[in-house]
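K.L.:
Next comes the structure file input_11.txt, holding compact mmCIF, C-alpha atoms.
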# COMPACT_ATOMS: atom_id res chain seq x y z
CA MET Q 19 -11.88 -43.71 36.71
CA LEU Q 20 -10.81 -40.25 37.88
CA ARG Q 21 -7.76 -40.44 35.60
CA LEU Q 22 -9.97 -41.37 32.63
CA ARG Q 23 -12.39 -38.54 33.44
CA TYR Q 24 -9.50 -36.05 33.73
CA ALA Q 25 -8.03 -37.25 30.43
CA PHE Q 26 -11.43 -36.88 28.74
CA PHE Q 27 -11.92 -33.31 29.97
CA HIS Q 28 -8.32 -32.45 29.05
CA LEU Q 29 -8.90 -33.74 25.51
CA CYS Q 30 -12.12 -31.73 25.22
CA PHE Q 31 -10.31 -28.60 26.37
CA LEU Q 32 -7.63 -29.08 23.72
CA LEU Q 33 -10.26 -29.59 21.04
CA VAL Q 34 -11.99 -26.38 22.05
CA LEU Q 35 -8.70 -24.53 21.76
CA ALA Q 36 -8.03 -26.07 18.37
CA VAL Q 37 -11.34 -25.02 16.85
CA SER Q 38 -11.86 -21.68 18.60
CA GLY Q 39 -11.41 -18.86 16.12
CA CYS Q 40 -12.53 -21.15 13.27
CA ARG Q 41 -15.85 -21.81 11.62
CA GLU Q 42 -17.16 -23.94 8.79
CA ALA Q 43 -17.67 -22.23 5.48
CA PRO Q 44 -20.26 -23.36 2.91
CA GLY Q 45 -19.13 -26.67 1.48
CA GLY Q 46 -17.62 -27.85 4.74
CA THR Q 47 -14.25 -26.11 4.50
CA VAL Q 48 -12.95 -24.85 7.84
CA VAL Q 49 -11.71 -21.30 7.51
CA GLY Q 50 -9.93 -19.19 10.14
CA GLN Q 51 -12.43 -16.72 11.59
CA SER Q 52 -9.84 -14.37 13.04
CA LYS Q 53 -6.91 -13.54 10.78
CA GLN Q 54 -3.58 -12.50 12.25
CA GLU Q 55 -1.76 -12.58 8.92
CA CYS Q 56 -2.79 -13.12 5.32
CA THR Q 57 -1.54 -15.45 2.62
CA PRO Q 58 -1.13 -13.88 -0.85
CA GLU Q 59 -4.35 -15.60 -1.95
CA GLU Q 60 -6.24 -14.12 1.01
CA ALA Q 61 -4.75 -10.67 0.34
CA VAL Q 62 -6.08 -10.87 -3.23
CA LEU Q 63 -9.59 -11.73 -2.00
CA ILE Q 64 -9.63 -8.97 0.62
CA GLY Q 65 -8.22 -6.49 -1.89
CA ALA Q 66 -10.89 -7.39 -4.44
CA LYS Q 67 -13.65 -6.73 -1.90
CA LEU Q 68 -12.15 -3.38 -0.94
CA GLN Q 69 -11.64 -2.51 -4.61
CA GLU Q 70 -15.32 -3.25 -5.26
CA THR Q 71 -16.32 -1.03 -2.34
CA ILE Q 72 -14.13 1.81 -3.61
CA ARG Q 73 -15.51 1.47 -7.14
CA ASN Q 74 -19.08 1.67 -5.78
CA SER Q 75 -18.37 4.81 -3.70
CA PRO Q 76 -17.76 7.60 -6.25
CA SER Q 77 -18.46 10.40 -3.78
CA ASP Q 78 -15.64 9.19 -1.52
CA PHE Q 79 -13.41 7.89 -4.30
CA PRO Q 80 -13.83 9.96 -7.51
CA ILE Q 81 -12.03 7.60 -9.90
CA LEU Q 82 -11.14 9.12 -13.27
CA ASP Q 83 -12.94 7.58 -16.23
CA ALA Q 84 -10.69 4.85 -17.62
CA SER Q 85 -11.70 5.40 -21.24
CA ALA Q 86 -11.23 9.18 -21.13
CA TYR Q 87 -7.78 8.86 -19.52
CA ALA Q 88 -6.61 5.59 -21.05
CA ALA Q 89 -3.16 6.89 -22.06
CA GLU Q 90 -2.51 8.44 -18.65
CA LEU Q 91 -3.53 5.24 -16.85
CA GLU Q 92 -1.38 3.16 -19.17
CA TYR Q 93 1.59 5.40 -18.34
CA LEU Q 94 1.09 4.95 -14.58
CA ASN Q 95 0.37 1.23 -14.81
CA THR Q 96 3.48 0.66 -16.91
CA LEU Q 97 5.65 2.32 -14.28
CA LEU Q 98 3.98 0.43 -11.44
CA SER Q 99 4.15 -2.98 -13.12
CA THR Q 100 7.80 -2.41 -14.10
CA LEU Q 101 8.74 -1.91 -10.45
CA ALA Q 102 6.43 -4.65 -9.16
CA ASN Q 103 7.93 -7.23 -11.51
CA THR Q 104 11.44 -6.95 -10.08
CA GLY Q 105 13.16 -9.60 -7.97
CA PRO Q 106 12.70 -8.09 -4.48
CA VAL Q 107 8.89 -8.15 -4.85
CA LEU Q 108 7.75 -11.47 -3.40
CA ASN Q 109 4.24 -11.23 -4.85
CA ARG Q 110 5.15 -9.96 -8.30
CA SER Q 111 3.20 -12.86 -9.87
CA ASN Q 112 0.51 -13.24 -7.19
CA PHE Q 113 -0.96 -9.72 -7.30
CA SER Q 114 -2.46 -7.83 -10.24
CA TRP Q 115 -0.60 -4.55 -9.43
CA ASP Q 116 -2.83 -1.88 -10.97
CA ILE Q 117 -3.37 1.81 -10.30
CA GLN Q 118 -6.28 4.23 -10.62
CA ILE Q 119 -6.35 8.04 -10.45
CA LEU Q 120 -8.66 9.83 -8.02
CA ASN Q 121 -9.79 13.24 -9.29
CA ASP Q 122 -9.06 15.16 -6.09
CA ASP Q 123 -6.69 18.13 -6.12
CA HIS Q 124 -7.21 18.89 -2.42
CA LYS Q 125 -5.89 15.56 -1.13
CA LYS Q 126 -2.30 14.67 -1.90
CA ASN Q 127 -2.29 10.97 -1.30
CA LEU Q 128 -1.37 7.51 -2.52
CA PHE Q 129 -2.65 4.31 -0.94
CA ALA Q 130 -3.24 0.67 -1.80
CA THR Q 131 -5.34 -2.31 -0.84
CA PRO Q 132 -4.02 -5.74 0.06
CA GLY Q 133 -3.40 -7.48 -3.24
CA GLY Q 134 -1.79 -4.48 -4.94
CA HIS Q 135 -4.61 -2.15 -6.11
CA PHE Q 136 -3.22 1.41 -5.99
CA TYR Q 137 -5.02 4.76 -5.90
CA ILE Q 138 -3.27 8.10 -6.39
CA THR Q 139 -4.86 11.55 -6.27
CA THR Q 140 -4.43 14.27 -8.86
CA GLY Q 141 -3.35 16.48 -5.97
CA LEU Q 142 -0.27 14.34 -5.33
CA LEU Q 143 0.47 13.86 -9.03
CA LYS Q 144 0.51 17.64 -9.49
CA ILE Q 145 3.17 18.30 -6.84
CA ILE Q 146 5.49 15.54 -8.08
CA THR Q 147 7.98 17.09 -10.50
CA ASN Q 148 9.49 14.18 -12.43
CA GLU Q 149 9.27 10.48 -13.13
CA THR Q 150 11.91 9.43 -10.63
CA GLU Q 151 10.03 11.06 -7.76
CA LEU Q 152 6.92 9.15 -8.80
CA LEU Q 153 8.89 5.89 -9.04
CA GLY Q 154 10.33 6.41 -5.55
CA ILE Q 155 6.88 6.95 -4.06
CA LEU Q 156 5.38 3.97 -5.92
CA GLY Q 157 8.29 1.72 -4.91
CA HIS Q 158 7.89 2.77 -1.29
CA GLU Q 159 4.18 1.92 -1.35
CA ILE Q 160 4.74 -1.44 -3.06
CA MET Q 161 6.45 -2.76 0.05
CA TYR Q 162 3.38 -2.24 2.22
CA ALA Q 163 1.26 -4.39 -0.11
CA ASP Q 164 3.95 -6.94 -0.86
CA ARG Q 165 4.92 -7.63 2.76
CA ASP Q 166 1.38 -7.75 4.23
CA HIS Q 167 1.69 -4.43 6.09
CA ILE Q 168 -1.64 -3.12 4.78
CA ALA Q 169 -3.56 -6.20 5.92
CA GLN Q 170 -1.78 -6.07 9.28
CA ALA Q 171 -2.77 -2.42 9.72
CA LEU Q 172 -6.41 -3.31 8.97
CA ILE Q 173 -6.26 -6.15 11.49
CA ARG Q 174 -4.95 -3.78 14.17
CA LYS Q 175 -7.71 -1.28 13.41
CA PHE Q 176 -10.72 -3.55 12.83
CA GLY Q 177 -9.74 -6.94 14.24
CA GLY Q 178 -8.80 -10.17 12.51
CA ASP Q 179 -12.34 -11.50 12.70
CA ARG Q 180 -13.54 -8.80 10.28
CA LEU Q 181 -10.99 -9.85 7.66
CA GLY Q 182 -11.91 -13.47 8.32
CA SER Q 183 -15.56 -12.61 7.63
CA ILE Q 184 -14.59 -11.07 4.28
CA LEU Q 185 -12.80 -14.29 3.35
CA LEU Q 186 -15.91 -16.28 4.25
CA GLY Q 187 -17.95 -14.13 1.88
CA GLU Q 188 -20.03 -12.64 4.67
CA ASP Q 189 -21.43 -9.12 4.73
CA VAL Q 190 -19.13 -6.91 6.79
CA PRO Q 191 -20.84 -3.71 7.98
CA GLU Q 192 -17.46 -2.01 8.43
CA ILE Q 193 -16.33 -2.58 4.82
CA GLN Q 194 -16.97 1.06 3.82
CA GLU Q 195 -15.06 2.27 6.88
CA MET Q 196 -12.23 -0.13 6.02
CA ALA Q 197 -12.00 1.27 2.50
CA LEU Q 198 -11.96 4.85 3.78
CA SER Q 199 -9.31 4.00 6.38
CA LEU Q 200 -6.86 2.90 3.66
CA GLN Q 201 -6.24 6.59 2.97
CA ASP Q 202 -5.03 7.19 6.52
CA LEU Q 203 -3.14 4.03 7.52
CA ARG Q 204 0.03 4.83 9.44
CA TYR Q 205 3.16 2.74 9.75
CA SER Q 206 5.95 2.58 12.30
CA GLU Q 207 9.16 4.50 11.73
CA SER Q 208 11.14 1.30 11.17
CA THR Q 209 8.62 0.14 8.56
CA VAL Q 210 8.74 3.50 6.76
CA LEU Q 211 12.54 3.39 6.61
CA GLN Q 212 12.41 -0.18 5.29
CA ALA Q 213 10.01 0.97 2.58
CA ASP Q 214 12.42 3.77 1.59
CA SER Q 215 15.23 1.23 1.27
CA PHE Q 216 12.96 -1.14 -0.63
CA ALA Q 217 12.09 1.61 -3.14
CA VAL Q 218 15.77 2.30 -3.80
CA GLU Q 219 16.38 -1.44 -4.28
CA LEU Q 220 13.59 -1.65 -6.86
CA ILE Q 221 14.85 1.33 -8.88
CA CYS Q 222 18.56 0.43 -8.77
CA PRO Q 223 18.61 -1.96 -11.77
CA PHE Q 224 17.04 0.63 -14.09
CA LEU Q 225 18.55 3.59 -15.90
CA TYR Q 226 16.90 6.05 -13.56
CA ASP Q 227 18.17 8.47 -10.97
CA PRO Q 228 17.61 6.49 -7.73
CA LEU Q 229 17.20 9.62 -5.61
CA GLY Q 230 13.61 10.47 -6.54
CA MET Q 231 12.31 9.82 -3.05
CA GLN Q 232 15.13 11.87 -1.58
CA SER Q 233 14.41 14.88 -3.80
CA PHE Q 234 10.69 14.69 -3.00
CA LEU Q 235 11.36 14.62 0.75
CA GLU Q 236 13.88 17.45 0.44
CA ARG Q 237 11.27 19.66 -1.21
CA LEU Q 238 8.85 18.88 1.60
CA ALA Q 239 11.55 19.73 4.15
CA ASP Q 240 12.35 23.03 2.40
CA SER Q 241 8.74 24.16 2.07
CA GLY Q 242 7.55 22.64 5.33
CA PRO Q 243 5.24 19.60 5.16
CA ASP Q 244 2.40 21.57 6.79
CA GLU Q 245 2.49 24.12 3.98
CA LEU Q 246 1.85 21.53 1.28
CA GLN Q 247 -0.34 19.30 3.49
CA VAL Q 248 0.71 16.04 1.87
CA ALA Q 249 -1.43 13.29 3.42
CA TRP Q 250 0.82 10.57 2.01
CA PHE Q 251 3.81 12.05 3.83
CA ASP Q 252 1.85 12.69 7.05
CA ASN Q 253 1.07 8.97 7.30
CA ARG Q 254 4.69 7.95 6.66
CA GLN Q 255 6.52 10.12 9.15
CA THR Q 256 9.86 9.55 10.84
CA GLU Q 257 11.24 11.37 13.86
CA ASN Q 258 14.26 12.74 12.02
CA LEU Q 259 13.46 13.71 8.41
CA GLN Q 260 17.01 14.85 7.65
CA ASN Q 261 18.42 11.50 8.73
CA ARG Q 262 15.86 9.75 6.56
CA ILE Q 263 16.92 11.83 3.56
CA GLU Q 264 20.60 11.08 4.19
CA GLN Q 265 19.96 7.34 4.51
CA ILE Q 266 18.33 7.24 1.09
CA GLY Q 267 21.40 8.91 -0.39
CA ILE Q 268 23.70 6.35 1.25
CA GLN Q 269 21.62 3.40 0.04
CA ALA Q 270 21.47 4.76 -3.53
CA ARG Q 271 25.17 5.56 -3.75
CA ASP Q 272 26.19 2.62 -5.96
CA CYS Q 273 23.19 2.13 -8.22
CA GLY Q 274 20.96 3.63 -10.88
CA ASP Q 275 21.86 6.39 -13.35
CA PHE Q 276 22.09 9.73 -11.59
CA GLY Q 277 20.55 12.68 -13.40
CA LYS Q 278 18.03 10.71 -15.48
CA GLU Q 279 14.81 12.08 -14.02
CA PHE Q 280 12.64 12.17 -17.19
CA GLU Q 281 11.10 15.45 -16.12
CA GLU Q 282 9.75 16.40 -19.55
CA ARG Q 283 7.99 13.06 -20.05
CA TYR Q 284 6.37 13.34 -16.64
CA GLN Q 285 5.25 16.91 -17.26
CA ASP Q 286 3.64 15.85 -20.54
CA PHE Q 287 1.61 13.30 -18.55
CA GLN Q 288 0.87 15.84 -15.82
CA ALA Q 289 -0.47 18.40 -18.30
CA LYS Q 290 -3.18 15.94 -19.44
CA LEU Q 291 -4.68 15.55 -15.97
CA PRO Q 292 -7.94 17.40 -15.16
CA GLN Q 293 -7.16 21.05 -14.52
Turn this file's structure into structure tokens for me.

P.N.:
Amino acid sequence: MLRLRYAFFHLCFLLVLAVSGCREAPGGTVVGQSKQECTPEEAVLIGAKLQETIRNSPSDFPILDASAYAAELEYLNTLLSTLANTGPVLNRSNFSWDIQILNDDHKKNLFATPGGHFYITTGLLKIITNETELLGILGHEIMYADRDHIAQALIRKFGGDRLGSILLGEDVPEIQEMALSLQDLRYSESTVLQADSFAVELICPFLYDPLGMQSFLERLADSGPDELQVAWFDNRQTENLQNRIEQIGIQARDCGDFGKEFEERYQDFQAKLPQ
């Protein structure tokens, strides 16, 4: 009898462990309450909710009017989708990969949601000097969305249960704070270096100079990052900037088409931004 009672309690304990962290969604589907990682489908759902929050917060996210700047958005989206549809991108078909411009000259930033929705400020666009620099920065950022780093950063900051609540369609009081935090997410040095390498890998098959990221970082090093106050760079720091710059050069040594920076085409785009 004691053995049977012990076995019964042991089974109950295991069942509690199995269902803890889960709840039943409408319709009877059991969904993980606390997320530790996201599937591509879950990243799309979380990204859509954050995108909706951003769209409904014009004071925090002054998105340029899509109809007034249709040509400029098409230019950026063409570059982004070209990179995102290359072989190294695991979610090239799972995510929508789109980009919006934030009319903010004071902030120099680029960030994304899970699921591949990108936001870049006019401030950052105006200190980039050519198309290859822009491609390097976009390629770098693609890795964070593609390899679940953005969702992981949100989990570390807000907890997996908050992302689980989004997936269950529940109201999440912190959703506005989550959207705002996307602008300031930081990544480890090893992750930043991987993203640099990933960007070079994306650009290599094209007839572009693959050293756009290197030239952008060199300009920051020459002027001093504090002087330009580039938020995007501040959140993607490494201990040794010179070593980072050299590593990009080594990785890009045997690919791309050096010298093809398409500076004039980029400056034509740049001149059409709000002044």

K.L.:
Which residues come within 9 Å of Asp78 (chain Q), counting all atoms listed in the file, excluding same-chain residues fewer than 3 positions away, as a PyMOL selection string?

P.N.:
chain Q and resi 72+75+198

K.L.:
Excluding Gly267 (chain Q) and residues on its chain fewer than 4 positions from it, collect all residues at most 7 Å away from it, counting all atoms listed in the file, and give them as an MDAnalysis selection string.

P.N.:
chainID Q and resid 229 263 271

K.L.:
Applying 10 Å and only C-alpha atoms, which residues near Gln54 (chain Q) remain after dropping the ones on its own chain fewer than 6 positions away? List them as a ChimeraX atom specification.

P.N.:
/Q:169-170,173-174,177-179,181-182

K.L.:
Choose the residue, out of Q:Leu101, Q:Leu152, Q:Leu200, Q:Ala89, that has the smallest atom-to-atom separation from Thr71 (chain Q); count all atoms listed in the file.

P.N.:
Q:Leu200

K.L.:
Would you kindly return, as a ChimeraX atom specification, each protein, DNA or RNA residue with an atom no farther than 12 Å from any atom of region 273-280 of chain Q, considering all atoms listed in the file and excluding same-chain residues fewer than 5 positions away?

P.N.:
/Q:146-154,217-231,233,266-268,285-287

K.L.:
Select, from Q:Cys56, Q:Ala163, Q:Leu63, Q:Ile119, the residue with the minimum atom-to-atom distance to Val107 (chain Q), counting only C-alpha atoms.

P.N.:
Q:Ala163

K.L.:
Out of Q:Leu142, Q:Ile160, Q:Ile168, Q:Ile81, which residue has the shortest atom-to-atom distance to Trp250 (chain Q) when counting only C-alpha atoms?

P.N.:
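For Trp250 (chain Q), the nearest of the candidates is Q:Leu142.
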
K.L.:
Between Q:Phe176, Q:Phe129, Q:Gly65, Q:Glu55, which is the closest to Val190 (chain Q) once you count all atoms listed in the file?

P.N.:
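Result for the nearest residue to Val190 (chain Q): Q:Phe176.
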
K.L.:
So that I can see what lies close to Leu238 (chain Q), please list as a list of chain:residue names the residues with an atom at most 12 Å from it, counting all atoms listed in the file and leaving out residues fewer than 4 positions away in the same chain.

P.N.:
Q:Ile145, Q:Ile146, Q:Met231, Q:Gln232, Q:Ser233, Q:Phe234, Q:Gly242, Q:Pro243, Q:Asp244, Q:Glu245, Q:Leu246, Q:Gln247, Q:Val248, Q:Ala249, Q:Trp250, Q:Phe251, Q:Asp252, Q:Gln255, Q:Leu259, Q:Gln260, Q:Ile263

K.L.:
Any idea what the distance is between CA of Phe136 (chain Q) and CA of Asp116 (chain Q)?

P.N.:
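Taking CA of Phe136 (chain Q) as the start and CA of Asp116 (chain Q) as the end point, the length is 6.0 Å.
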
K.L.:
Of the residues Q:Leu186, Q:Met161, Q:Leu98, Q:Leu211, which is the one nearest to Gln269 (chain Q), using all atoms listed in the file?

P.N.:
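For Gln269 (chain Q), the nearest of the candidates is Q:Leu211.
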
K.L.:
Please compute the CA of Thr131 (chain Q)-CA of Gln293 (chain Q) distance, one decimal, in Å.

P.N.:
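One can read the CA of Thr131 (chain Q) to CA of Gln293 (chain Q) distance as 27.1 Å.
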
K.L.:
Just to confirm, what's the straight-line distance from CA of Leu203 (chain Q) to CA of Asp166 (chain Q) in Å (one decimal)?

P.N.:
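These two atoms are separated by 13.0 Å.
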
K.L.:
So, with only C-alpha atoms as the atoms that count, which of Q:Pro76, Q:Gly187, Q:Pro58, Q:Pro106 lies closest to Ser215 (chain Q)?

P.N.:
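Closest to Ser215 (chain Q) of all the choices is Q:Pro106.
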